[in-house]
Amino acid sequence: MPKYKLYEMKKFLLSILAVASVFVAEEASAQIKAGEGQVSIALESNNIYYAPDKRMVDLGLDKPDDRTRGNFGSNDYLKVDYTLGRFSVGVQLDGYLPGLYGYDMYTYQQRNTKLSAFLTKYVQWEDQNWGVRVGDIYDQFGNGLIFRTYEDRNLGFNNSLAGARAYYNFNNMVNVKVLAGLPRLYDVRSKNPVWGADLSLSISDMAGWYDGLISIEGSYVGRYQKGAAELFPTKEEFGTVVAGVDGDVVNMVSGRANFEYKGFSLRGEYVQKLNNDKFNPALGASKGNVVNVDLGYNYKRFSASVTFRRQVNMTAPIELVESGIGGGNTINYIPLITRQHTYSLANLNPYRGTSVHTGGEVGGQIDLYYSLRNPKVRSKYWNFHANFSMFNTIDHKLGDMDMEGRNAWIDFNFDVERQWNKSVKTTLFYSYQRWDEEINHYDAAVAHYCDSHIIVADVTYKINKKHSLRVELQYLNSNDYEGDWLAGTIEYNFAPKFSFYVSDMWNCEAMQDGMYGNGIWNPDTLEYDGNALLHYYQVGATFTHDFLRLQLSYGRNRAGYVCSGGSCRYQPAYTGANLSLTLSF
């Protein structure tokens, strides 16, 4: 074996040995006292050793081809907080040693380095009605459509604002918040300041009405980038005038109204960009807006929610650049309003939005849930869940593509969960998905619609108080270019500490639509030869004890999108060993 591969393998084995040393340590307390205060510590480490897989390399599926950072990756996070009464202080150290493949952190990193680290910190005082924070700030106004700073480690997003924030609450009637700072852009601090203010008025509290809620809210957010208007001026290309950025400052405002009464809720928000701004480096600048309405109702064991949203050019980047810079380059949050599927085949081709490619979208989702239970027999019940989401493009033109009124996505799904007795629980799930391949994959060879029918059967058998067995079977029928799929999982749980599983996801049928197959790439014809029917196998185990959670797995991973909270990132295909460790005390 080559020396560099031995080195990478040793690094991975050392990670395992470091984790194993935890087992011989004395059990830590859930709380650490430090004088009159309290210290909390959290460590998360995600490691992958990328093993050679000749089959995937031959098929051209093992990406990236040139692993410039070696065959080992590690994303690590250490967070320490100290609290004393109303005072708190904390730091977090992010280490990418080097970072895992598939994260924007390394695709668009601002520093040319193999290893990278980033430190965030804060000092905070929160009194009964007011508070001040200096340092790194995580916050949002309303639904986050105008402003949101947050961390999502699964996606590799962190746009914390380094600056100051202050708020004041007057008898729950008036809430005022102001903040300003420099946002984080992957591994550096942006030099573009962001500032904003948020005001909330509780009409119901002012009127002394406590049976429900009536409130009105408003926000303002500004972003400055020196030379933005010079970088993106108005110009003429191929006989068409392409609008440029108005100035160095982008101003955004929002208005919100909320109403709740006896299980019924209605929330609405409108956001407007007041200046021309770039939402896509390849397209002209323009103003933008979002209309978002949420309607909900719940009564006993029934609940329903309806969400409608129309948004145009509302991506608000931290940095205006000539080329794309990934999903982490944003100061607001416009999640995809679709069901967040947990079954692998239902999440094989998730909706990723059309706004980046087409300028905007209109649509929403309906979600219904009902539980049928006998209060006298707690070991038996039915849960019914149905969901429908649909999004269309709005009037827009992308090259030669006419985007007016074009359907981009449909997902109808329902599941029935049945607890038969104390030992057996079953779940039956069905999903129909339809998407426009040219919009979802804007570089697709041929424009066409893809349809998928996904069926899942999930059975859990509780052997006794500690032992349980879960079996999951999935089937996907599709005219998609990747054909049909089968998937299965067997999971054995030994509560409360151990869990073991083995799974396989198999591309079991050649393509049906005559497009291009998941086969061997022929550089002479620039086409795929044949169709690769691959097995994406996994085997793994999880150990949980008090403050420790350890997961180890090995297998082949399909290229695709990892989604969290309505946002997605692309994950290249790889075969390898995964080691995840979480410590919290």
# chains A, B, ... in the order shown; residues from 1 in each chain; ligands from 1

$ residues_around --residues "Leu476 in chain A" --least-positions-apart "5" --cutoff "12 Å" --atoms "only C-alpha atoms" --output "PyMOL selection string"
chain A and resi 343-349+429-433+451-456+482-488+505-509

$ select_by_dssp --residues "range 318-415 of chain A" --states "strand (DSSP E)" --output "number ranges by chain"
A: 360-374, 377-393, 397-398, 401-402, 407-415

$ atom_distance --atom1 "CA of Val176 in chain A" --atom2 "CA of Val271 in chain A"
18.6 Å

$ residues_around --residues "Gly540 in chain A" --least-positions-apart "2" --cutoff "8 Å" --atoms "only C-alpha atoms" --output "VMD selection string"
chain A and resid 500 to 502 538 542 551 to 554

$ residues_around --residues "Ile410 in chain A" --least-positions-apart "2" --cutoff "12 Å" --atoms "only C-alpha atoms" --output "PyMOL selection string"
chain A and resi 337-339+349-351+353+363-366+387-392+406-408+412-413+431-436+449-453

$ closest_atom_pairs --of "range 85-189 of chain A" --to "range 215-222 of chain A" --cutoff "9 Å" --atoms "only C-alpha atoms" --output "JSON lines"
{"residue": "A:Phe141", "atom": "CA", "partner": "A:Ser219", "partner_atom": "CA", "distance": 6.8}
{"residue": "A:Gly142", "atom": "CA", "partner": "A:Glu217", "partner_atom": "CA", "distance": 8.0}
{"residue": "A:Ile146", "atom": "CA", "partner": "A:Val221", "partner_atom": "CA", "distance": 7.1}
{"residue": "A:Phe147", "atom": "CA", "partner": "A:Val221", "partner_atom": "CA", "distance": 7.1}

$ residues_around --residues "Gly102 in chain A" --least-positions-apart "6" --cutoff "10 Å" --atoms "only C-alpha atoms" --output "list in words"
Lys63, Pro64, Leu155, Gly156, Ala559, Gly560, Tyr561, Val562, Arg569, Tyr570, Gln571, Pro572 and Ala573 of chain A
